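For reference, work.tsv (TSV, C-alpha atoms):
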```tsv
chain	number	residue	atom	x	y	z
A	12	MET	CA	127.71	-11.34	5.71
A	13	GLU	CA	126.29	-11.88	2.21
A	14	ASN	CA	124.09	-8.78	2.60
A	15	ILE	CA	127.01	-6.67	3.79
A	16	GLU	CA	128.98	-7.55	0.68
A	17	ARG	CA	126.08	-6.42	-1.51
A	18	ILE	CA	125.94	-2.94	0.05
A	19	HIS	CA	127.96	-0.17	-1.58
A	20	HIS	CA	129.30	2.79	0.36
A	21	HIS	CA	129.94	6.49	-0.14
A	22	ASP	CA	133.40	7.58	1.00
A	23	THR	CA	132.43	10.72	2.90
A	24	LYS	CA	135.02	13.23	4.11
A	25	PHE	CA	134.60	15.66	6.99
A	26	ILE	CA	136.70	17.86	9.28
A	27	ASP	CA	136.67	16.63	12.86
A	28	GLN	CA	136.71	18.79	16.01
A	29	ASN	CA	140.51	18.83	15.95
A	30	GLY	CA	140.61	20.17	12.42
A	31	HIS	CA	141.70	16.86	10.87
A	32	LEU	CA	140.29	15.52	7.61
A	33	GLN	CA	138.50	12.23	8.22
A	34	THR	CA	136.92	9.73	5.84
A	35	ILE	CA	134.05	7.44	6.75
A	36	LYS	CA	132.13	4.90	4.70
A	37	ILE	CA	128.37	5.47	4.61
A	38	PRO	CA	126.08	2.76	3.19
A	39	VAL	CA	124.15	3.63	0.04
A	40	VAL	CA	120.50	3.89	1.02
A	41	GLN	CA	119.27	2.44	-2.27
A	42	ASP	CA	121.06	-0.81	-1.42
A	43	LEU	CA	119.64	-0.84	2.10
A	44	ALA	CA	116.13	-0.28	0.75
A	45	ARG	CA	116.50	-3.14	-1.73
A	46	LEU	CA	117.58	-5.48	1.07
A	47	LYS	CA	115.06	-4.01	3.56
A	48	ILE	CA	117.82	-3.29	6.08
A	49	LEU	CA	117.86	-0.40	8.56
A	50	PRO	CA	121.27	-0.20	10.30
A	51	GLY	CA	121.43	1.30	13.76
A	52	GLU	CA	123.21	4.46	12.63
A	53	PHE	CA	120.02	5.49	10.77
A	54	ILE	CA	117.79	5.33	13.86
A	55	GLN	CA	116.72	8.80	15.05
A	56	ASN	CA	113.28	8.17	16.63
A	57	PRO	CA	111.64	11.41	15.40
A	58	VAL	CA	108.49	12.82	16.95
A	59	ALA	CA	105.50	11.79	14.87
A	60	ALA	CA	103.77	14.39	12.70
A	61	ASN	CA	100.12	15.40	12.64
A	62	PRO	CA	97.95	15.66	9.53
A	63	PHE	CA	97.39	19.09	8.02
A	64	PRO	CA	94.59	20.86	9.96
A	65	SER	CA	91.26	20.68	8.15
A	66	HIS	CA	90.53	24.32	8.95
A	67	ALA	CA	93.89	25.62	7.69
A	68	PHE	CA	94.22	27.55	4.42
A	69	PHE	CA	96.90	26.36	1.94
A	70	ASP	CA	95.40	27.02	-1.49
A	71	ALA	CA	97.83	27.22	-4.38
A	72	ILE	CA	98.85	30.72	-5.45
A	73	ASP	CA	97.52	31.37	-8.95
A	74	MET	CA	100.35	33.03	-10.86
A	75	ALA	CA	98.06	33.77	-13.79
A	76	LYS	CA	96.09	36.07	-11.47
A	77	LEU	CA	99.32	37.65	-10.21
A	78	ARG	CA	99.98	38.64	-13.83
A	79	THR	CA	96.71	40.52	-14.24
A	80	ARG	CA	95.83	43.94	-12.88
A	81	SER	CA	92.37	42.82	-11.77
A	82	GLY	CA	93.48	39.67	-9.92
A	83	ARG	CA	96.87	40.69	-8.54
A	84	ILE	CA	95.77	42.49	-5.36
A	85	LYS	CA	93.57	39.64	-4.15
A	86	GLU	CA	96.21	37.04	-4.95
A	87	LEU	CA	98.88	39.09	-3.16
A	88	ARG	CA	96.73	39.08	-0.02
A	89	LYS	CA	96.43	35.30	-0.27
A	90	LEU	CA	100.19	35.01	-0.78
A	91	ALA	CA	100.91	37.16	2.28
A	92	SER	CA	98.53	35.10	4.40
A	93	ILE	CA	99.75	31.63	3.40
A	94	CYS	CA	103.42	32.50	3.23
A	95	GLY	CA	103.28	34.42	6.50
A	96	GLU	CA	101.72	31.46	8.28
A	97	TRP	CA	103.63	28.54	6.77
A	98	GLY	CA	106.85	29.90	5.25
A	99	MET	CA	106.02	28.00	2.06
A	100	PHE	CA	103.30	27.84	-0.58
A	101	THR	CA	102.34	25.94	-3.71
A	102	ILE	CA	101.79	27.60	-7.09
A	103	ARG	CA	99.72	26.87	-10.19
A	104	ASN	CA	99.36	28.38	-13.66
A	105	HIS	CA	103.06	29.16	-13.43
A	106	GLY	CA	103.83	28.66	-17.10
A	107	LEU	CA	106.15	25.67	-16.74
A	108	ASP	CA	105.30	23.23	-19.53
A	109	PRO	CA	104.40	19.83	-18.01
A	110	ARG	CA	106.72	18.24	-20.57
A	111	VAL	CA	109.66	20.04	-18.94
A	112	LEU	CA	108.84	18.49	-15.57
A	113	GLU	CA	108.22	15.10	-17.19
A	114	GLU	CA	111.69	15.17	-18.74
A	115	VAL	CA	113.22	16.12	-15.38
A	116	GLU	CA	111.48	13.15	-13.79
A	117	GLN	CA	112.65	10.83	-16.54
A	118	VAL	CA	116.35	11.74	-16.35
A	119	VAL	CA	116.35	11.70	-12.53
A	120	ARG	CA	114.79	8.25	-12.42
A	121	ASN	CA	117.17	7.03	-15.12
A	122	PHE	CA	120.18	8.23	-13.13
A	123	PHE	CA	119.15	6.56	-9.89
A	124	GLU	CA	118.26	3.34	-11.73
A	125	LEU	CA	121.89	3.01	-12.84
A	126	PRO	CA	124.14	0.54	-11.00
A	127	PHE	CA	126.16	2.21	-8.26
A	128	GLU	CA	129.43	1.93	-10.20
A	129	ASP	CA	127.86	3.65	-13.22
A	130	LYS	CA	126.53	6.48	-11.07
A	131	LYS	CA	129.96	7.00	-9.52
A	132	SER	CA	131.71	6.98	-12.90
A	133	SER	CA	129.11	9.35	-14.36
A	134	VAL	CA	129.66	12.20	-11.90
A	135	GLY	CA	132.20	13.30	-9.29
A	136	THR	CA	131.85	13.98	-5.57
A	137	TYR	CA	133.25	17.16	-4.00
A	138	THR	CA	133.66	18.08	-0.35
A	139	ASP	CA	132.94	21.78	0.00
A	140	ALA	CA	130.19	24.05	1.30
A	141	ASP	CA	127.88	23.21	-1.58
A	142	ASN	CA	128.60	19.44	-1.61
A	143	MET	CA	128.49	19.17	-5.39
A	144	GLY	CA	128.15	15.85	-7.19
A	145	TYR	CA	126.85	12.47	-6.07
A	146	GLY	CA	127.05	11.47	-2.42
A	147	ARG	CA	125.98	12.85	0.94
A	148	ASN	CA	126.01	16.25	2.62
A	149	PHE	CA	126.08	17.97	6.04
A	150	PHE	CA	128.18	15.23	7.60
A	151	LYS	CA	130.20	16.45	10.58
A	152	SER	CA	130.92	13.47	12.83
A	153	GLN	CA	131.16	9.67	12.73
A	154	HIS	CA	128.64	9.70	15.59
A	155	GLN	CA	126.06	11.69	13.63
A	156	PRO	CA	122.82	9.79	12.88
A	157	LEU	CA	122.33	9.19	9.17
A	158	ASP	CA	119.42	10.31	7.00
A	159	TRP	CA	117.55	7.91	4.71
A	160	ILE	CA	118.51	9.70	1.49
A	161	ASP	CA	120.66	9.52	-1.62
A	162	ARG	CA	121.30	12.82	-3.34
A	163	LEU	CA	122.86	14.59	-6.28
A	164	ALA	CA	123.82	18.28	-6.33
A	165	MET	CA	124.89	20.66	-9.11
A	166	LYS	CA	125.43	24.39	-9.52
A	167	ALA	CA	123.41	25.66	-12.48
A	168	ALA	CA	124.20	29.37	-12.16
A	169	PRO	CA	126.30	31.37	-12.72
A	170	VAL	CA	126.75	29.68	-16.08
A	171	GLY	CA	130.13	27.99	-16.34
A	172	SER	CA	130.94	28.22	-12.63
A	173	THR	CA	131.60	24.47	-12.31
A	174	ASP	CA	132.72	23.62	-15.85
A	175	ALA	CA	136.09	22.38	-14.54
A	176	LEU	CA	134.32	19.91	-12.22
A	177	ARG	CA	132.36	16.73	-12.97
A	178	VAL	CA	129.22	17.78	-11.11
A	179	TRP	CA	126.77	17.07	-13.95
A	180	PRO	CA	126.10	13.40	-14.71
A	181	ASN	CA	127.03	12.36	-18.25
A	182	ASN	CA	124.69	9.39	-17.96
A	183	PRO	CA	121.89	9.67	-18.96
A	184	PRO	CA	123.21	11.93	-21.76
A	185	ASN	CA	120.22	14.30	-21.62
A	186	PHE	CA	120.42	14.84	-17.85
A	187	ARG	CA	122.08	18.26	-17.97
A	188	PRO	CA	119.97	19.72	-20.82
A	189	ALA	CA	116.77	18.62	-19.08
A	190	LEU	CA	117.74	20.16	-15.73
A	191	GLU	CA	119.10	23.35	-17.27
A	192	ASN	CA	115.86	23.86	-19.18
A	193	TYR	CA	113.94	23.48	-15.91
A	194	VAL	CA	116.31	25.94	-14.21
A	195	ARG	CA	115.92	28.52	-16.98
A	196	ILE	CA	112.13	28.59	-16.76
A	197	GLY	CA	112.08	28.11	-12.99
A	198	ARG	CA	114.27	31.17	-12.59
A	199	GLN	CA	111.70	33.30	-14.39
A	200	VAL	CA	109.04	32.05	-11.96
A	201	LEU	CA	111.26	32.81	-8.96
A	202	ASP	CA	112.02	36.32	-10.23
A	203	GLU	CA	108.28	36.99	-10.45
A	204	LEU	CA	107.74	35.67	-6.94
A	205	LEU	CA	110.50	37.81	-5.45
A	206	GLU	CA	108.60	40.88	-6.61
A	207	ALA	CA	105.20	39.50	-5.61
A	208	LEU	CA	106.40	38.69	-2.09
A	209	ALA	CA	107.79	42.20	-1.65
A	210	GLU	CA	104.46	43.71	-2.70
A	211	ALA	CA	102.55	41.22	-0.55
A	212	ILE	CA	104.16	42.65	2.60
A	213	SER	CA	103.64	46.25	1.37
A	214	CYS	CA	107.25	46.88	0.36
A	215	ASP	CA	108.66	48.28	-2.85
A	216	THR	CA	108.39	45.80	-5.71
A	217	HIS	CA	112.16	45.52	-6.09
A	218	SER	CA	113.02	45.26	-2.40
A	219	PHE	CA	114.23	41.67	-2.84
A	220	SER	CA	114.88	41.37	-6.56
A	221	ARG	CA	117.40	44.23	-6.54
A	222	TYR	CA	120.01	41.92	-5.02
A	223	PHE	CA	119.83	39.46	-7.94
A	224	ASP	CA	121.86	39.68	-11.12
A	225	PRO	CA	121.10	37.54	-14.19
A	226	ASN	CA	124.80	36.83	-14.74
A	227	THR	CA	126.13	36.31	-11.22
A	228	SER	CA	123.28	35.13	-8.97
A	229	GLU	CA	123.47	31.51	-7.85
A	230	ILE	CA	121.15	28.59	-8.45
A	231	ASN	CA	122.09	25.29	-6.86
A	232	VAL	CA	120.17	22.18	-7.89
A	233	ARG	CA	119.69	19.34	-5.44
A	234	VAL	CA	118.04	16.05	-6.35
A	235	ASN	CA	116.88	14.07	-3.31
A	236	TYR	CA	115.90	10.41	-3.47
A	237	TYR	CA	114.17	8.86	-0.45
A	238	PRO	CA	113.78	5.12	-1.19
A	239	SER	CA	111.12	3.07	0.54
A	240	CYS	CA	112.14	2.32	4.12
A	241	PRO	CA	111.46	-0.77	6.28
A	242	ARG	CA	110.98	1.39	9.42
A	243	PRO	CA	110.19	4.99	8.46
A	244	ASP	CA	108.87	5.64	11.96
A	245	VAL	CA	112.36	5.48	13.50
A	246	THR	CA	114.46	7.30	10.91
A	247	MET	CA	114.44	10.57	8.92
A	248	GLY	CA	114.68	11.30	5.21
A	249	LEU	CA	116.28	14.67	5.96
A	250	VAL	CA	116.74	16.20	9.40
A	251	PRO	CA	115.02	19.49	10.34
A	252	HIS	CA	116.52	22.48	8.55
A	253	THR	CA	115.88	25.80	6.86
A	254	ASP	CA	117.06	26.67	3.35
A	255	ALA	CA	120.14	28.89	2.94
A	256	SER	CA	118.52	30.57	-0.04
A	257	ALA	CA	116.21	33.46	-0.77
A	258	LEU	CA	113.63	31.18	-2.36
A	259	THR	CA	113.65	27.47	-3.15
A	260	LEU	CA	111.52	26.01	-5.95
A	261	LEU	CA	110.68	22.31	-5.63
A	262	THR	CA	108.91	19.62	-7.57
A	263	GLN	CA	108.37	16.04	-6.37
A	264	PHE	CA	107.35	12.74	-7.88
A	265	GLY	CA	106.99	9.12	-6.82
A	266	SER	CA	104.85	9.87	-3.77
A	267	GLN	CA	103.68	12.71	-1.56
A	268	ASN	CA	103.23	13.34	2.18
A	269	GLY	CA	106.99	13.30	2.68
A	270	LEU	CA	107.47	16.97	3.58
A	271	GLN	CA	106.68	18.25	7.07
A	272	VAL	CA	106.85	21.72	8.63
A	273	PHE	CA	107.15	22.71	12.27
A	274	LYS	CA	104.40	25.05	13.43
A	275	ASP	CA	102.61	25.64	16.74
A	276	SER	CA	105.02	23.28	18.55
A	277	GLN	CA	104.21	20.32	16.32
A	278	TRP	CA	105.25	18.73	13.05
A	279	ILE	CA	102.59	18.91	10.34
A	280	THR	CA	102.47	17.07	7.02
A	281	VAL	CA	102.38	19.55	4.13
A	282	PRO	CA	99.57	19.03	1.56
A	283	TRP	CA	101.85	19.11	-1.47
A	284	PRO	CA	100.58	17.06	-4.44
A	285	CYS	CA	102.95	15.17	-6.71
A	286	HIS	CA	104.14	16.98	-9.85
A	287	SER	CA	103.09	20.38	-8.46
A	288	LEU	CA	105.50	23.17	-7.55
A	289	LEU	CA	106.19	24.30	-4.01
A	290	VAL	CA	108.16	27.38	-2.93
A	291	ASN	CA	110.06	27.62	0.34
A	292	VAL	CA	111.01	30.92	1.92
A	293	GLY	CA	114.72	30.78	2.74
A	294	ASP	CA	116.77	32.46	5.44
A	295	LEU	CA	117.89	35.27	3.12
A	296	ILE	CA	114.31	36.45	2.55
A	297	GLU	CA	113.71	36.34	6.30
A	298	ILE	CA	116.66	38.73	6.67
A	299	MET	CA	115.64	40.98	3.75
A	300	SER	CA	112.06	41.24	5.03
A	301	ASP	CA	113.25	41.98	8.59
A	302	GLY	CA	111.33	38.96	9.81
A	303	MET	CA	108.00	39.84	8.18
A	304	LEU	CA	108.48	36.58	6.28
A	305	HIS	CA	109.98	33.57	8.04
A	306	SER	CA	111.93	30.68	6.58
A	307	SER	CA	110.25	27.37	7.24
A	308	TRP	CA	111.68	24.84	9.72
A	309	GLN	CA	111.10	21.69	7.71
A	310	ARG	CA	112.06	18.04	7.47
A	311	ALA	CA	111.57	15.11	5.10
A	312	VAL	CA	110.39	11.65	6.06
A	313	ALA	CA	110.73	8.26	4.41
A	314	GLN	CA	107.77	6.05	3.57
A	315	PRO	CA	107.29	2.28	3.88
A	316	ASP	CA	106.04	1.20	0.46
A	317	THR	CA	107.27	3.71	-2.09
A	318	GLY	CA	110.17	5.99	-2.85
A	319	ARG	CA	109.99	9.75	-3.32
A	320	PHE	CA	112.08	12.13	-5.39
A	321	SER	CA	112.32	15.90	-5.05
A	322	VAL	CA	114.24	18.39	-7.18
A	323	ALA	CA	115.06	21.70	-5.52
A	324	LEU	CA	116.36	24.95	-7.05
A	325	PHE	CA	118.04	27.11	-4.39
A	326	TYR	CA	118.04	30.73	-5.60
A	327	ARG	CA	120.19	33.37	-3.94
A	328	PRO	CA	122.13	36.58	-4.69
A	329	PRO	CA	125.86	36.46	-5.49
A	330	ARG	CA	128.06	35.60	-2.50
A	331	GLY	CA	129.67	39.04	-2.41
A	332	VAL	CA	126.41	40.98	-2.17
A	333	GLU	CA	125.42	42.64	1.10
A	334	ILE	CA	121.71	42.33	1.89
A	335	GLU	CA	119.83	44.40	4.42
A	336	PRO	CA	116.35	44.43	5.98
A	337	VAL	CA	113.73	46.46	4.16
A	338	SER	CA	112.94	49.14	6.73
A	339	GLY	CA	116.54	50.24	7.20
A	340	GLY	CA	115.79	51.89	10.53
A	341	GLU	CA	117.07	51.60	14.08
A	342	SER	CA	114.17	49.34	15.03
A	343	ASN	CA	115.29	46.58	12.68
A	344	LYS	CA	115.39	43.05	14.07
A	345	TYR	CA	117.97	41.90	11.51
A	346	LYS	CA	121.42	43.14	10.49
A	347	LYS	CA	123.05	43.72	7.16
A	348	VAL	CA	124.92	40.58	6.12
A	349	VAL	CA	127.11	39.56	3.20
A	350	VAL	CA	125.53	36.54	1.53
A	351	GLY	CA	128.78	34.58	1.46
A	352	ASP	CA	129.40	35.20	5.16
A	353	TYR	CA	125.95	33.91	6.01
A	354	LEU	CA	126.37	30.82	3.83
A	355	ASP	CA	129.73	29.99	5.44
A	356	HIS	CA	128.14	30.30	8.88
A	357	PHE	CA	125.11	28.24	7.85
A	358	TYR	CA	127.11	25.31	6.47
A	359	LYS	CA	129.59	25.36	9.34
A	360	LEU	CA	126.78	25.17	11.89
A	361	SER	CA	124.38	22.76	10.15
A	362	PRO	CA	122.75	20.48	11.05
A	363	THR	CA	121.24	21.91	14.24
A	364	PRO	CA	118.41	20.66	16.49
A	365	THR	CA	116.56	23.99	16.31
A	366	LYS	CA	116.47	27.00	13.98
A	367	GLN	CA	119.83	28.47	15.03
A	368	ALA	CA	121.70	29.64	11.92
A	369	ILE	CA	119.45	32.68	11.43
A	370	MET	CA	120.61	34.11	14.79
A	371	PHE	CA	123.80	35.15	12.94
A	372	ALA	CA	121.77	37.93	11.28
A	373	LYS	CA	119.68	39.00	14.28
A	374	PHE	CA	120.33	41.76	16.75
A	375	ASN	CA	120.60	40.49	20.31
```

Represent the structure from my file as structure tokens, please.
Amino acid sequence: MENIERIHHHDTKFIDQNGHLQTIKIPVVQDLARLKILPGEFIQNPVAANPFPSHAFFDAIDMAKLRTRSGRIKELRKLASICGEWGMFTIRNHGLDPRVLEEVEQVVRNFFELPFEDKKSSVGTYTDADNMGYGRNFFKSQHQPLDWIDRLAMKAAPVGSTDALRVWPNNPPNFRPALENYVRIGRQVLDELLEALAEAISCDTHSFSRYFDPNTSEINVRVNYYPSCPRPDVTMGLVPHTDASALTLLTQFGSQNGLQVFKDSQWITVPWPCHSLLVNVGDLIEIMSDGMLHSSWQRAVAQPDTGRFSVALFYRPPRGVEIEPVSGGESNKYKKVVVGDYLDHFYKLSPTPTKQAIMFAKFN
């Protein structure tokens, strides 16, 4: 009973099958980790993953070479190969100052080191499709197994879109400036990669980037914290999913080996070093490329002795924009879709046991 009293809870709201608003209390994973407790509602018994194959090719994409005439063609071939096989890739020589990433790490750690009451008073929690603020997301039922994660989510673009909401922590005071600086530079990297990916699959350079507008495109920021877990073999950090973005830019710190991708009927641990940048292909690029590029079916796992943080930038066109597959012919596998319609469908359906949301944009 003493332990129960020391565990804080998130008040999580969801709409049940009858359309009624329900509230359920979900234990804060940081408290469970401190007490080395794994309640039954966190048990999911996932299939174990395999190590990354020794013969597989997952070299980082060198963005410095992408920026030169002599090195671009070779690097584009490498990008097409790795991205086509895995739906994700790491990058180097991207131009992001290490001090920017160090400041992101510092403010994220400082936030999660705050007492629970201070975290709750520092930022709000909002129940909507984007799940802004501090709390949990993708919760649909009181019978749904829980993930071993605490998270924080903000909308960084369009600028000013959430100014009336308390989605940015005011403690630590430099949290928002640090993240917005990362977003500003990260966006430049993502814009470059949108064009590189189009060229890598032999499409016009602007096939993907033409849907993005500097003033109205969206960037959602999600900070994920996976504390150390007493039984990581029986729970999940984050259930299998794709990203409802065009591209997602991620950095991680604390530990590695926490990201896994499903390929060839097995889960495989992604060789993603700490403090390096990884890019996920999202569902919207799969649609735009008519399936020449595939969004990754991925999951996150907890670890027994150390916690892991990741910071993700989800980049997508404005909700009102209609995207279409590149070829534009009758043989297309994918339909035209309005971004907002796809997002509504994605969040309504998620989480799912298999890659189902993308079927919304496919021809039967």

Residues of stretch 234-345 of chain A at most 9 Å from stretch 182-205 of chain A: nearest atom pair and distance in Å, only C-alpha atoms, as CSV:
```
residue,atom,partner,partner_atom,distance
A:Ala257,CA,A:Leu205,CA,8.6
A:Leu258,CA,A:Leu201,CA,7.2
A:Thr259,CA,A:Leu201,CA,8.2
A:Leu260,CA,A:Gly197,CA,7.4
A:Val290,CA,A:Leu201,CA,8.7
A:Ile296,CA,A:Leu205,CA,9.0
A:Leu324,CA,A:Val194,CA,7.2
A:Tyr326,CA,A:Leu201,CA,7.8
```

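Minimum atom-to-atom distance to A:Asn291, evaluated using only C-alpha atoms, belongs to A:Ile93 out of A:Val312, A:Ile48, A:Ile93, A:Ile54.
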
Residues within 8 Å of A:Thr280, only C-alpha atoms, excluding chain neighbours under 4 positions, as a PDB file with C-alpha atoms, in the coordinates of the input:
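Final file, part.pdb:
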```pdb
ATOM      1  CA  ALA A  60     103.770  14.390  12.700  1.00  0.00           C
ATOM      2  CA  ASN A  61     100.120  15.400  12.640  1.00  0.00           C
ATOM      3  CA  PRO A  62      97.950  15.660   9.530  1.00  0.00           C
ATOM      4  CA  PHE A  63      97.390  19.090   8.020  1.00  0.00           C
ATOM      5  CA  ASN A 268     103.230  13.340   2.180  1.00  0.00           C
ATOM      6  CA  GLY A 269     106.990  13.300   2.680  1.00  0.00           C
ATOM      7  CA  LEU A 270     107.470  16.970   3.580  1.00  0.00           C
ATOM      8  CA  GLN A 271     106.680  18.250   7.070  1.00  0.00           C
ATOM      9  CA  VAL A 272     106.850  21.720   8.630  1.00  0.00           C
TER      10      VAL A 272
END
```

Can you write out as a Markdown table which residues of stretch 279-348 of chain A fall within 10 Å of stretch 99-123 of chain A, alongside each residue's closest atom pair and its distance in Å to one decimal, counting only C-alpha atoms and ordering rows by chain and ascending residue number?
```
| residue | atom | partner | partner_atom | distance |
| --- | --- | --- | --- | --- |
| A:Val281 | CA | A:Met99 | CA | 9.4 |
| A:Pro282 | CA | A:Thr101 | CA | 9.1 |
| A:Trp283 | CA | A:Thr101 | CA | 7.2 |
| A:Pro284 | CA | A:Thr101 | CA | 9.1 |
| A:His286 | CA | A:Leu112 | CA | 7.6 |
| A:Ser287 | CA | A:Thr101 | CA | 7.4 |
| A:Leu288 | CA | A:Thr101 | CA | 5.7 |
| A:Leu289 | CA | A:Thr101 | CA | 4.2 |
| A:Val290 | CA | A:Phe100 | CA | 5.4 |
| A:Asn291 | CA | A:Met99 | CA | 4.4 |
| A:Val292 | CA | A:Met99 | CA | 5.8 |
| A:Gly293 | CA | A:Met99 | CA | 9.2 |
| A:Leu304 | CA | A:Met99 | CA | 9.9 |
| A:His305 | CA | A:Met99 | CA | 9.1 |
| A:Ser306 | CA | A:Met99 | CA | 7.9 |
| A:Ser307 | CA | A:Met99 | CA | 6.7 |
| A:Gln309 | CA | A:Met99 | CA | 9.9 |
| A:Phe320 | CA | A:Val119 | CA | 8.3 |
| A:Ser321 | CA | A:Glu116 | CA | 9.2 |
| A:Val322 | CA | A:Val115 | CA | 8.6 |
```

_Closest of A:Arg319, A:Thr79, A:Met143, A:Ile230 to A:Thr262 - atom-to-atom distances counting only C-alpha atoms_ =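 Closest to A:Thr262 of all the choices is A:Arg319.
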
Compare A:Thr173, A:Ser256, A:Thr23, A:Arg83 by their minimum atom-to-atom distance to A:Tyr145, counting all atoms listed in the file, and give me the closest one.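 For A:Tyr145, the nearest of the given residues is A:Thr23.
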
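Atom pair atom CA of A:Ala91 / atom CA of A:Leu208 has a distance of 7.2 Å (rounded to one decimal).
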
Write out as a list of chain:residue names which residues come within 10 Å of A:Ile160 when counting only C-alpha atoms, dropping same-chain ones fewer than 4 positions away.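 So, after excluding close chain neighbours, the residues are A:Val39, A:Val40, A:Gln41, A:Gly146, A:Arg147, A:Asn235, A:Tyr236, A:Tyr237, A:Pro238, A:Ser239, A:Met247, A:Gly248, A:Leu249, A:Ala311, A:Val312, A:Ala313, A:Arg319, A:Phe320.
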
Judged by all atoms listed in the file, the minimum distance to A:Arg78 among A:Pro315, A:Ala207, A:Ser228, A:Ser342 is found for A:Ala207

Nearest residue to A:Leu176 out of A:Ala255, A:Gly135, A:Arg233, A:Trp308, using only C-alpha atoms?
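Nearest to A:Leu176: A:Gly135.
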
Query raised in the report: What does the distance from atom CA of A:Gln153 to atom CA of A:Asp42 come to in Å, to one decimal?
Result: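 Interatomic distance here is 20.3 Å.
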
Practice prompt. Name all residues at most 10 Å from stretch 363-366 of chain A (count only C-alpha atoms; drop same-chain ones fewer than 2 positions away) and give them as a PyMOL selection string.
Written response: chain A and resi 250-253+306-309+357+360-361+368-370
